Every structure is written in C-alpha cells, then in structure tokens.
$ cat my_file29.csv   # CSV, C-alpha atoms
chain,number,residue,atom,x,y,z
A,226,MET,CA,-240.5,-119.4,73.1
A,227,ASP,CA,-238.3,-121.8,75.0
A,228,ILE,CA,-235.2,-121.4,72.8
A,229,ALA,CA,-233.1,-123.8,75.0
A,230,ASN,CA,-235.5,-126.6,74.1
A,231,TYR,CA,-236.3,-125.4,70.5
A,232,GLN,CA,-237.7,-128.2,68.4
A,233,ALA,CA,-236.7,-127.6,64.8
A,234,ALA,CA,-239.0,-128.8,62.0
A,235,ALA,CA,-237.5,-131.7,60.0
A,236,ASP,CA,-236.8,-129.5,57.0
A,237,SER,CA,-236.3,-126.2,58.7
A,238,LEU,CA,-232.8,-125.7,57.3
A,239,GLU,CA,-233.5,-127.2,53.8
A,240,ASP,CA,-231.4,-125.6,51.1
A,241,ARG,CA,-229.5,-123.3,53.6
A,242,ILE,CA,-225.8,-123.0,53.3
A,243,ILE,CA,-224.2,-122.7,56.7
A,244,MET,CA,-220.5,-122.1,57.5
A,245,ILE,CA,-219.2,-123.3,60.9
A,246,THR,CA,-215.8,-122.7,62.4
A,247,GLY,CA,-214.4,-125.2,64.8
A,248,ALA,CA,-216.6,-127.8,63.2
A,249,THR,CA,-214.6,-130.9,64.2
A,250,ARG,CA,-215.1,-130.9,68.0
A,251,GLY,CA,-217.6,-130.1,70.6
A,252,ILE,CA,-220.5,-127.7,69.9
A,253,GLY,CA,-219.2,-127.0,66.3
A,254,LYS,CA,-219.3,-130.7,65.3
A,255,ALA,CA,-222.6,-131.4,67.1
A,256,LEU,CA,-224.1,-128.3,65.4
A,257,ALA,CA,-222.8,-129.3,62.0
A,258,VAL,CA,-224.3,-132.8,62.2
A,259,ASP,CA,-227.7,-131.5,63.6
A,260,ALA,CA,-228.0,-128.8,61.0
A,261,ALA,CA,-227.1,-131.3,58.2
A,262,LYS,CA,-229.9,-133.6,59.5
A,263,LEU,CA,-232.3,-130.7,59.0
A,264,GLY,CA,-231.2,-130.3,55.3
A,265,ALA,CA,-228.5,-127.7,55.5
A,266,THR,CA,-225.3,-127.8,53.3
A,267,ILE,CA,-222.5,-127.5,55.9
A,268,LEU,CA,-219.2,-125.7,55.1
A,269,LEU,CA,-216.8,-127.1,57.7
A,270,ILE,CA,-213.9,-124.9,58.8
A,271,ALA,CA,-211.1,-126.3,60.9
A,272,LYS,CA,-207.3,-126.7,60.9
A,273,ASP,CA,-207.1,-130.4,61.7
A,274,LEU,CA,-207.5,-132.1,58.3
A,275,LYS,CA,-208.0,-135.6,59.7
A,276,ARG,CA,-210.8,-134.5,62.0
A,277,LEU,CA,-212.3,-132.5,59.1
A,278,GLU,CA,-212.4,-135.6,57.0
A,279,GLN,CA,-214.0,-137.6,59.9
A,280,THR,CA,-216.7,-135.0,60.4
A,281,TYR,CA,-217.2,-134.8,56.6
A,282,ASP,CA,-217.7,-138.6,56.4
A,283,GLU,CA,-220.1,-138.6,59.3
A,284,ILE,CA,-222.3,-135.9,57.6
A,285,ALA,CA,-222.0,-137.5,54.2
A,286,ALA,CA,-223.3,-140.8,55.6
A,287,LEU,CA,-226.6,-139.1,56.6
A,288,GLY,CA,-227.5,-139.1,52.9
A,289,LYS,CA,-228.4,-135.4,53.0
A,290,ALA,CA,-226.8,-132.4,51.3
A,291,GLN,CA,-223.1,-133.0,50.6
A,292,PRO,CA,-220.9,-131.0,53.0
A,293,ALA,CA,-217.7,-129.2,52.1
A,294,MET,CA,-214.3,-129.0,53.9
A,295,LEU,CA,-212.4,-125.7,54.3
A,296,ASN,CA,-209.0,-126.5,55.8
A,297,ILE,CA,-207.7,-123.3,57.3
A,298,ASP,CA,-205.8,-122.4,60.5
A,299,LEU,CA,-207.7,-119.6,62.1
A,300,GLU,CA,-204.8,-118.8,64.4
A,301,SER,CA,-202.5,-117.8,61.6
A,302,ALA,CA,-204.6,-117.1,58.5
A,303,GLY,CA,-204.6,-113.6,57.0
A,304,ALA,CA,-207.0,-111.5,55.0
A,305,ASP,CA,-206.0,-113.0,51.7
A,306,ASP,CA,-206.7,-116.5,53.0
A,307,TYR,CA,-210.2,-115.6,54.0
A,308,GLN,CA,-210.8,-113.9,50.7
A,309,THR,CA,-209.7,-117.1,49.0
A,310,VAL,CA,-212.3,-119.0,51.1
A,311,ALA,CA,-215.0,-116.6,50.2
A,312,ASN,CA,-214.1,-116.7,46.5
A,313,SER,CA,-214.2,-120.5,46.5
A,314,VAL,CA,-217.6,-120.5,48.2
A,315,ARG,CA,-219.0,-117.9,45.8
A,316,GLU,CA,-217.9,-120.1,42.8
A,317,GLU,CA,-219.5,-123.2,44.2
A,318,TYR,CA,-222.6,-121.9,46.1
A,319,GLY,CA,-223.1,-118.2,45.3
A,320,ARG,CA,-224.2,-117.3,48.8
A,321,ILE,CA,-224.1,-118.2,52.6
A,322,ASP,CA,-227.2,-118.2,54.7
A,323,GLY,CA,-225.5,-118.8,58.0
A,324,LEU,CA,-222.1,-118.1,59.5
A,325,VAL,CA,-221.3,-119.5,63.0
A,326,HIS,CA,-218.2,-118.3,64.7
A,327,ASN,CA,-217.6,-121.1,67.1
A,328,ALA,CA,-213.8,-122.0,67.1
A,329,ALA,CA,-212.2,-121.4,70.5
A,330,ARG,CA,-209.1,-122.4,72.5
A,331,VAL,CA,-208.1,-121.5,76.0
A,332,GLY,CA,-204.4,-122.3,76.0
A,333,GLY,CA,-204.3,-123.0,79.7
A,334,LEU,CA,-205.1,-120.9,82.9
A,335,THR,CA,-202.2,-118.6,83.5
A,336,PRO,CA,-201.5,-115.3,85.2
A,337,LEU,CA,-201.2,-112.5,82.7
A,338,HIS,CA,-197.6,-111.7,83.6
A,339,GLN,CA,-196.6,-115.4,82.8
A,340,THR,CA,-198.6,-115.7,79.6
A,341,ASP,CA,-196.5,-116.7,76.6
A,342,VAL,CA,-196.5,-113.9,74.0
A,343,ALA,CA,-196.8,-116.2,71.0
A,344,LEU,CA,-199.9,-117.9,72.6
A,345,TRP,CA,-201.4,-114.5,73.4
A,346,SER,CA,-201.1,-113.5,69.7
A,347,LYS,CA,-202.6,-116.8,68.5
A,348,LEU,CA,-205.6,-116.6,70.8
A,349,VAL,CA,-206.4,-112.9,70.0
A,350,THR,CA,-206.1,-113.8,66.3
A,351,LEU,CA,-208.4,-116.8,66.8
A,352,HIS,CA,-211.2,-115.1,68.7
A,353,ILE,CA,-211.1,-111.5,67.2
A,354,HIS,CA,-209.1,-111.3,64.0
A,355,ALA,CA,-210.5,-114.5,62.5
A,356,PRO,CA,-214.2,-113.7,63.0
A,357,PHE,CA,-213.7,-110.1,61.8
A,358,LEU,CA,-211.7,-111.2,58.7
A,359,LEU,CA,-214.0,-114.1,57.8
A,360,THR,CA,-217.2,-112.0,58.3
A,361,ARG,CA,-215.7,-109.2,56.2
A,362,ALA,CA,-214.8,-111.6,53.4
A,363,CYS,CA,-218.2,-113.3,53.5
A,364,LEU,CA,-220.5,-110.2,53.8
A,365,PRO,CA,-221.2,-110.1,50.0
A,366,LEU,CA,-222.2,-113.8,50.2
A,367,LEU,CA,-224.4,-113.3,53.2
A,368,LYS,CA,-226.1,-110.4,51.4
A,369,GLN,CA,-227.2,-112.8,48.6
A,370,SER,CA,-229.3,-114.7,51.2
A,371,LYS,CA,-233.0,-114.0,51.8
A,372,ASP,CA,-232.4,-114.4,55.6
A,373,PRO,CA,-228.8,-114.3,56.5
A,374,SER,CA,-227.7,-115.0,60.1
A,375,ILE,CA,-224.4,-114.7,62.0
A,376,ILE,CA,-223.9,-116.4,65.3
A,377,PHE,CA,-221.1,-116.1,67.8
A,378,SER,CA,-220.4,-118.6,70.6
A,379,ILE,CA,-219.9,-116.2,73.5
A,380,ASP,CA,-218.1,-116.9,76.8
A,381,GLU,CA,-218.0,-114.4,79.6
A,382,ALA,CA,-214.5,-115.2,81.0
A,383,SER,CA,-213.1,-111.8,82.1
A,384,LYS,CA,-211.7,-113.1,85.3
A,385,ALA,CA,-208.3,-114.0,86.8
A,386,TYR,CA,-206.1,-116.5,85.1
A,387,TRP,CA,-208.1,-116.7,81.9
A,388,GLY,CA,-205.6,-114.4,80.2
A,389,ALA,CA,-205.7,-114.1,76.4
A,390,TYR,CA,-208.9,-116.2,76.2
A,391,GLY,CA,-210.8,-114.0,78.6
A,392,VAL,CA,-209.6,-110.8,77.0
A,393,SER,CA,-210.2,-111.9,73.4
A,394,LYS,CA,-213.6,-113.5,74.1
A,395,ALA,CA,-214.7,-110.1,75.6
A,396,GLY,CA,-213.4,-108.4,72.5
A,397,GLN,CA,-215.4,-111.0,70.4
A,398,ALA,CA,-218.6,-110.0,72.3
A,399,SER,CA,-217.9,-106.4,71.4
A,400,LEU,CA,-217.4,-107.3,67.8
A,401,MET,CA,-220.7,-109.1,67.8
A,402,ASN,CA,-222.5,-106.1,69.2
A,403,ILE,CA,-221.0,-103.7,66.7
A,404,LEU,CA,-221.8,-105.9,63.8
A,405,ALA,CA,-225.4,-106.3,65.0
A,406,GLU,CA,-225.9,-102.6,65.1
A,407,GLU,CA,-224.2,-101.9,61.8
A,408,LEU,CA,-225.9,-104.6,59.9
A,409,ASP,CA,-229.4,-103.9,61.1
A,410,GLY,CA,-230.4,-101.9,58.1
A,411,ASP,CA,-232.4,-102.2,54.9
A,412,GLN,CA,-230.6,-105.4,54.0
A,413,LYS,CA,-230.5,-106.8,57.5
A,414,ILE,CA,-228.0,-109.5,58.4
A,415,ARG,CA,-229.0,-110.9,61.8
A,416,VAL,CA,-226.2,-111.1,64.4
A,417,ASN,CA,-226.8,-112.9,67.7
A,418,GLY,CA,-224.7,-114.6,70.4
A,419,ILE,CA,-225.1,-117.8,72.4
A,420,HIS,CA,-223.5,-118.4,75.7
A,421,PRO,CA,-223.7,-122.2,76.1
A,422,GLY,CA,-222.4,-122.3,79.6
A,423,PRO,CA,-220.4,-125.3,80.9
A,424,VAL,CA,-220.5,-128.1,78.3
A,425,ARG,CA,-218.9,-131.5,78.1
A,426,THR,CA,-216.3,-130.6,75.5
A,427,HIS,CA,-212.6,-131.0,75.0
A,428,LEU,CA,-212.2,-127.3,75.9
A,429,ARG,CA,-213.8,-127.8,79.3
A,430,THR,CA,-212.3,-131.2,80.2
A,431,HIS,CA,-208.8,-130.0,79.2
A,432,ASN,CA,-209.0,-126.9,81.5
A,433,TYR,CA,-210.9,-128.6,84.4
A,434,PRO,CA,-209.3,-132.1,84.6
A,435,GLY,CA,-210.4,-132.5,88.2
A,436,LEU,CA,-214.1,-132.2,87.4
A,437,ASN,CA,-216.4,-135.0,86.5
A,438,PRO,CA,-217.3,-134.3,82.8
A,439,ASN,CA,-220.6,-136.1,83.2
A,440,GLU,CA,-221.8,-133.3,85.4
A,441,PHE,CA,-222.1,-131.1,82.3
A,442,PRO,CA,-224.5,-131.4,79.3
A,443,ALA,CA,-223.1,-132.9,76.1
A,444,ALA,CA,-222.5,-130.7,73.1
A,445,GLU,CA,-225.5,-132.3,71.4
A,446,ASP,CA,-227.7,-131.0,74.2
A,447,VAL,CA,-227.0,-127.3,73.6
A,448,THR,CA,-227.4,-127.0,69.8
A,449,ALA,CA,-231.1,-126.0,69.9
A,450,PRO,CA,-230.5,-122.3,70.3
A,451,TYR,CA,-228.1,-122.3,67.4
A,452,LEU,CA,-230.6,-124.1,65.2
A,453,TYR,CA,-233.2,-121.5,66.2
A,454,PHE,CA,-231.1,-118.5,65.3
A,455,LEU,CA,-230.2,-120.2,62.0
A,456,SER,CA,-233.8,-120.9,61.0
A,457,ASP,CA,-236.5,-118.5,59.8
A,458,ASP,CA,-238.3,-119.0,63.1
A,459,SER,CA,-236.0,-116.3,64.5
A,460,LYS,CA,-236.4,-114.0,61.5
A,461,GLU,CA,-236.0,-110.3,62.3
A,462,ILE,CA,-234.4,-111.1,65.7
A,463,THR,CA,-230.9,-109.6,66.1
A,464,ALA,CA,-228.5,-108.2,68.7
A,465,GLN,CA,-229.5,-110.8,71.2
A,466,LEU,CA,-227.2,-112.8,73.6
A,467,PHE,CA,-228.9,-116.0,74.7
A,468,ARG,CA,-227.6,-117.7,77.8
A,469,VAL,CA,-228.3,-121.4,77.9
$ encode --input "my_file29.csv" --output "structure tokens"
Amino acid sequence: MDIANYQAAADSLEDRIIMITGATRGIGKALAVDAAKLGATILLIAKDLKRLEQTYDEIAALGKAQPAMLNIDLESAGADDYQTVANSVREEYGRIDGLVHNAARVGGLTPLHQTDVALWSKLVTLHIHAPFLLTRACLPLLKQSKDPSIIFSIDEASKAYWGAYGVSKAGQASLMNILAEELDGDQKIRVNGIHPGPVRTHLRTHNYPGLNPNEFPAAEDVTAPYLYFLSDDSKEITAQLFRV
C-alpha cells in the first residue's frame, strides 16, 4: 500500500476518539481537522488557549463530532496533571482509540556548550517525559478500545547544533520502540512512528528563515500516513517507522 498517498474512506474514523498533542499548529492541527472530517472525536491538547479555541471552532464548524479542548503545558506538566486529564477523558468518553504524540519545539540551533539549561530541561520534558507520562496515564483508556493505536511524530535530528531537540527526539524514538515491543501482547496496542520530513510548518520556517517555505509540502499534505495508522486499515501493524 502507498501509505504516503493513503485515501481514507469517508467514515473510516467514525466513532473513534483520538487525542492529539500539539494540535493547534502544523501537522497536529491539520491532522485534527482531517481526522474530524472522517468522523473522529478529537481531543485537542496544547498550551496556547487562544489557538486551542480557534482549532476547536474550526472543527466544530464542520458539523461532525464535537471536539474537546485539553489546555495543558507539556513542557511543565507532571504525572498528576496527566492523570487528571485521563480521569476527565474517562468520565466523558470511557476510552481512547488513538493517541498521537506530535507536539514539538526546537528552541533554536545552538552548540551544546551554549545551550540554556532551562531550555534543555523544557525540551527533554516535552519530547520524552510528556509522551511517557501521557501514555502511562492513558493506557487503561486505550485498553478499552477495540483497536487502539499510538503514533509518534519522529524526527532524526542527532546532528550538530540540534542540541536538546536532537537528543530528546532520539530518546522519543527509543520510547516508541520500547512501547511497541511491550504492548505487542494479547491485548495489543499498536505503536508506530511517522517521520514526515521537511514540512511547511512554524517549526521549520522559524529554524530555517532563509529558505523558501513554499519548497516544502504543507502540513495538510502529510497527514495521510497518520490517518492510515489511526484507521483499521492498519490493524495488527505495529513497531513500524514510516518515512514520508
């Protein structure tokens, strides 16, 4: 199957409840809107309340399932905060069918010895601690789904000057692989990763101001693999890293 050009059926995500982090910009927002169009109930996670409300309104205007806003700062939240989120979702929905770890921030390209310690801590928290703690809190909800799926937005950035982002995204890939192996049991929870490559998002234009953003695909052009791994067309597929 050509996953990069996957064509989802109009109702392929009907009645599915999908949680997406970083859902107010770039790929996260584009995925939230596209998944909502296919019938999913979207649980939007982001720290910017104004952008959360804008994304919420855009999805609500589709006339599909009503989305939900979960205003949480992934760079500073602790285990109790994620448990509160999980408890709220349990009371309202009873389960989660999809969890997409998409939130990311580079924080600038800097030599390691010049990296701000506070920024280092925030980025490691965002890319490693947050996905771990959110997944841990939501595992009981995912186990209530008939076909649960976890997706990580992966970036291979272990190179000079990418500092905390490069280190923490490498750690995130390890987290994905370990989860995929551990959750591939009798009550399987599928865990896969998507490396979208260069995309016309705020993250890329902010860190490459000298490049023409129109040289890269828009976020809306790279959501197909995510929709594939969230649908039952990818049932039983786990531990895969798809590069767009």
$ atom_distance --input "my_file29.csv" --atom1 "CA of Arg468 (chain A)" --atom2 "CA of Ala385 (chain A)"
21.6 Å
$ residues_around --input "my_file29.csv" --residues "Lys394 (chain A)" --least-positions-apart "3" --cutoff "10 Å" --atoms "only C-alpha atoms" --output "tab-separated table (two decimals) with C-alpha atoms, in the frame of the given file"
chain	number	residue	atom	x	y	z
A	329	ALA	CA	-212.20	-121.40	70.50
A	331	VAL	CA	-208.10	-121.50	76.00
A	348	LEU	CA	-205.60	-116.60	70.80
A	349	VAL	CA	-206.40	-112.90	70.00
A	351	LEU	CA	-208.40	-116.80	66.80
A	352	HIS	CA	-211.20	-115.10	68.70
A	353	ILE	CA	-211.10	-111.50	67.20
A	378	SER	CA	-220.40	-118.60	70.60
A	379	ILE	CA	-219.90	-116.20	73.50
A	380	ASP	CA	-218.10	-116.90	76.80
A	381	GLU	CA	-218.00	-114.40	79.60
A	382	ALA	CA	-214.50	-115.20	81.00
A	383	SER	CA	-213.10	-111.80	82.10
A	389	ALA	CA	-205.70	-114.10	76.40
A	390	TYR	CA	-208.90	-116.20	76.20
A	391	GLY	CA	-210.80	-114.00	78.60
A	397	GLN	CA	-215.40	-111.00	70.40
A	398	ALA	CA	-218.60	-110.00	72.30
A	399	SER	CA	-217.90	-106.40	71.40
A	400	LEU	CA	-217.40	-107.30	67.80
$ atom_distance --input "my_file29.csv" --atom1 "CA of Leu358 (chain A)" --atom2 "CA of Ala304 (chain A)"
6.0 Å
$ residues_around --input "my_file29.csv" --residues "region 401-405 of chain A" --least-positions-apart "6" --cutoff "12 Å" --atoms "all atoms listed in the file" --output "NGL selection string"
:A and (325-326 or 352-353 or 356-357 or 360-361 or 364 or 374-379 or 394-395 or 413-419 or 461-466)
$ closest_residue --input "my_file29.csv" --among "A:Ala261, A:Ala286, A:Leu299, A:Ala234" --to "Asp273 (chain A)" --atoms "all atoms listed in the file"
A:Leu299
$ residues_around --input "my_file29.csv" --residues "Gly247 (chain A)" --least-positions-apart "4" --cutoff "6 Å" --atoms "all atoms listed in the file" --output "list in words"
Gly253, Ala271, Asn327 and Ala328 of chain A
$ atom_distance --input "my_file29.csv" --atom1 "CA of Tyr451 (chain A)" --atom2 "CA of Ala233 (chain A)"
10.4 Å
$ closest_residue --input "my_file29.csv" --among "A:Lys262, A:Arg315, A:Lys384, A:Lys254" --to "Gln279 (chain A)" --atoms "all atoms listed in the file"
A:Lys254
$ closest_residue --input "my_file29.csv" --among "A:Leu269, A:Ile242, A:Ala285, A:Ala355" --to "Gly303 (chain A)" --atoms "all atoms listed in the file"
A:Ala355
$ closest_residue --input "my_file29.csv" --among "A:Ser370, A:Thr246, A:Ser346, A:Thr266" --to "Asp322 (chain A)" --atoms "only C-alpha atoms"
A:Ser370
